[in-house]
Amino acid sequence: MLSRPRARRGVRARAFAAPAVVAAVSAGVFALVGTSLIDDTYITLAYARNLAFDLHWGLIEGLTSNTATSPLNVILLAAGTAVLRDPVLALAALFVLCNVVTFVALRRACRDAGLPAWTAPLAVGLLLVNPLLLSSIGLEVALGAAGIALLLRCAQAARPGWFGAVAGLLALTRLDLLIVVAVLLVARRRWWAGLWRAALAAVAVVLPWFAFSWLALGSAVPDTLIIKTSQSWGEYTFVDGWLLYLDTYRAAAVLSFVPVVLGLGIAAGWLVLRVVRPSETVRRLDAFAPLVIAAGLHFAAYAWLSVPPYHWYYGPSIVLMTIYVAAAAGCAATARAWPPLRAVLPAGALALLLASAAGYGWQGLPREHAPFTTNQASFSQYREIGADLAGLVGERIVRTAGEIGVLAYYCECSLVDAFSDRGEVEPMIAEAERESGPFGRWLLRLNFRYLDRTVPPLVPDLTLARTSGPAPAEAIASWPIDSPWAGAETLYLAPAAR
């Protein structure tokens, strides 16, 4: 018979074994996808590097900007960069940490709901191999998933102070995640209990950053809200953009959005059973049902904003529905009636996991492009061009051809567009004010109250231009580029028009 100290050591070892496995698998996933990170990821990494090494908040050295959508993501990456001295290595560490936190929080939530021990690993596995989420690594999707899992656990455990603190972290991750906060807050039993504690904790977390951003950076809300809502993808918006992805990346899109479709069907069936036959098994899913509502409201909010369908905008809804589907599979496995149902949902979820993993490696590894990309070139092409530009442009200012992340990261030169040059954002702010109603106009003016709006855009000396046709006059250099999204083109460096 084992002694009590030895038994306790065995329990602790088993408790740490599963998170260690999640960490190892997450590190392996990052090693596979690290060669195909999308361009926007390197916008975040450039911010993190500048903050870590120069205490500078901006995309390029010496020019303050406020286009990092997720302040918390940048701050955590900068902290990791300061220790590890490499932003990409810091990103890998943060990605692993986020998945471990997601697993640990979901394991507690699933255990309290009476779901099988494999439910949390299934949820994290589905998140890890989802093609759209894999294509968003480096942005704040994994960080948001960890925050959602923690918030779910805090709501379930009736810990209002911790709930408020995590809610504040989610606001610093992405402001739109406050929709998830609101739903999980109202869905708590006696949701008003400890509300003041939750509110004070949330304010204590968010106030320092938003006050600093408002006063020192010129806007409390990142400028990306203005930039993205000013953009257009022609006939496609967030509402129907998933159809565009289905047309361009069919297999990856189907595998990515299956959890949403499956989750909606399960939620409809659960609602019927909850009203007609509310058994103990059906009630086990109660704690996870608000995730479906939060996913729907998040989708509706982006539809109302009418933003372009950047693929990572679908990430929070997919995360929420994926967790719900895994919980439903665990719930089905505990059902006493309908033996076939006990196997169908878990087997279906496992099949989706295996199909997604196989689909990622179908075209060979390492991949040149992420499963979803709207970039005009691959990461490796932009990296080589950025290194070339570093030796070509010197101190001259270069206007980009629409994408700036990887080029700015590897060139470390004065590349400008709306993401790096605050002067280019001011006309967009003015246009947004003209098109807004009285209340919206008041909010915009309040947000940008301390922004110096008299600073003009920088005048470029050189410009980058993409074309599949003739070269621009007086081209200085050229590079062939291609992607599944834009096809084959040539990127030219030429003198800027005067």
# chains A, B, ... in the order shown; residues from 1 in each chain; ligands from 1

call {"tool": "residues_around", "arguments": {"residues": "A:Val25", "least_positions_apart": "6", "cutoff": "12 Å", "atoms": "only C-alpha atoms", "output": "MDAnalysis selection string"}}
result
chainID A and resid 18:19 31:32 92 95:97 99:100 121 124:125 128:129

call {"tool": "select_by_dssp", "arguments": {"residues": "stretch 228-439 of chain A", "states": "alpha helix (DSSP H)", "output": "PyMOL selection string"}}
result
chain A and resi 228-230+241-248+250-276+280-283+289-305+315-333+339-361+379-392+405-411+426-435+438-439

call {"tool": "residues_around", "arguments": {"residues": "A:Leu152", "least_positions_apart": "2", "cutoff": "12 Å", "atoms": "only C-alpha atoms", "output": "number ranges by chain"}}
result
A: 102, 104-110, 112-113, 145-150, 154-160, 162-164, 166-167, 180-185, 187-188, 286-291, 294, 320, 323-324

call {"tool": "residues_around", "arguments": {"residues": "stretch 364-368 of chain A", "least_positions_apart": "5", "cutoff": "9 Å", "atoms": "only C-alpha atoms", "output": "list of chain:residue names"}}
result
A:Leu32, A:Val33, A:Gly34, A:Thr35, A:Ser36, A:Ser378, A:Phe379, A:Ser380

call {"tool": "residues_around", "arguments": {"residues": "A:Tyr245", "least_positions_apart": "5", "cutoff": "10 Å", "atoms": "only C-alpha atoms", "output": "number ranges by chain"}}
result
A: 240, 250-254, 309-311, 372-374, 485

call {"tool": "select_by_dssp", "arguments": {"residues": "stretch 62-291 of chain A", "states": "strand (DSSP E or B)", "output": "list in words"}}
result
Leu63, Ile137, Leu139, Trp233 and Tyr236 of chain A

call {"tool": "write_last_selection", "arguments": {"atoms": "N, CA and C atoms", "output": "tab-separated table (two decimals), in the first residue's frame"}}
result
chain	number	residue	atom	x	y	z
A	63	LEU	N	8.81	56.24	-34.95
A	63	LEU	CA	7.52	56.79	-35.39
A	63	LEU	C	6.41	56.15	-34.56
A	137	ILE	N	-2.15	32.31	-35.95
A	137	ILE	CA	-1.16	32.27	-34.89
A	137	ILE	C	-0.29	33.53	-34.94
A	139	LEU	N	-1.47	36.42	-33.91
A	139	LEU	CA	-2.47	37.42	-33.57
A	139	LEU	C	-3.02	37.04	-32.19
A	233	TRP	N	-13.78	45.28	-49.34
A	233	TRP	CA	-13.42	44.16	-50.20
A	233	TRP	C	-14.45	44.01	-51.33
A	236	TYR	N	-17.95	41.79	-50.90
A	236	TYR	CA	-17.89	40.92	-49.73
A	236	TYR	C	-17.67	41.72	-48.45

call {"tool": "closest_residue", "arguments": {"among": "A:Gly218, A:Pro308, A:Gly138, A:Pro472", "to": "A:Val239", "atoms": "only C-alpha atoms"}}
result
A:Pro308

call {"tool": "residues_around", "arguments": {"residues": "A:Leu458", "least_positions_apart": "6", "cutoff": "10 Å", "atoms": "only C-alpha atoms", "output": "JSON, numbers by chain"}}
result
{"A": [397, 398, 399, 414, 416, 417, 421, 422, 423, 424]}

call {"tool": "residues_around", "arguments": {"residues": "A:Thr334", "least_positions_apart": "4", "cutoff": "10 Å", "atoms": "only C-alpha atoms", "output": "tab-separated table (two decimals) with N, CA and C atoms, in the first residue's frame"}}
result
chain	number	residue	atom	x	y	z
A	114	GLY	N	-19.25	17.56	-14.67
A	114	GLY	CA	-19.45	16.12	-14.72
A	114	GLY	C	-19.15	15.50	-16.06
A	115	LEU	N	-18.30	16.14	-16.85
A	115	LEU	CA	-17.97	15.62	-18.18
A	115	LEU	C	-16.72	14.75	-18.10
A	116	PRO	N	-16.52	13.85	-19.05
A	116	PRO	CA	-15.37	12.94	-19.03
A	116	PRO	C	-14.04	13.70	-19.05
A	280	GLU	N	-30.44	14.95	-16.01
A	280	GLU	CA	-29.15	15.34	-15.45
A	280	GLU	C	-28.09	15.45	-16.55
A	281	THR	N	-28.15	14.54	-17.51
A	281	THR	CA	-27.19	14.58	-18.61
A	281	THR	C	-27.33	15.86	-19.43
A	282	VAL	N	-28.55	16.24	-19.74
A	282	VAL	CA	-28.80	17.45	-20.52
A	282	VAL	C	-28.34	18.69	-19.76
A	284	ARG	N	-25.92	18.99	-17.81
A	284	ARG	CA	-24.46	19.12	-17.75
A	284	ARG	C	-23.93	20.13	-18.77
A	328	ALA	N	-20.29	19.21	-25.66
A	328	ALA	CA	-21.45	18.42	-26.06
A	328	ALA	C	-21.07	16.96	-26.32
A	329	ALA	N	-19.89	16.74	-26.89
A	329	ALA	CA	-19.43	15.37	-27.11
A	329	ALA	C	-19.22	14.67	-25.78
A	330	GLY	N	-18.62	15.39	-24.82
A	330	GLY	CA	-18.46	14.81	-23.50
A	330	GLY	C	-19.78	14.54	-22.82
A	339	PRO	N	-27.75	4.55	-26.85
A	339	PRO	CA	-26.34	4.17	-26.96
A	339	PRO	C	-25.64	4.68	-28.21
A	341	LEU	N	-25.96	7.47	-29.75
A	341	LEU	CA	-25.63	8.88	-29.59
A	341	LEU	C	-24.38	9.05	-28.74
A	342	ARG	N	-24.18	8.13	-27.78
A	342	ARG	CA	-23.02	8.23	-26.90
A	342	ARG	C	-21.71	8.15	-27.68
A	343	ALA	N	-21.76	7.47	-28.82
A	343	ALA	CA	-20.54	7.31	-29.61
A	343	ALA	C	-20.46	8.28	-30.78
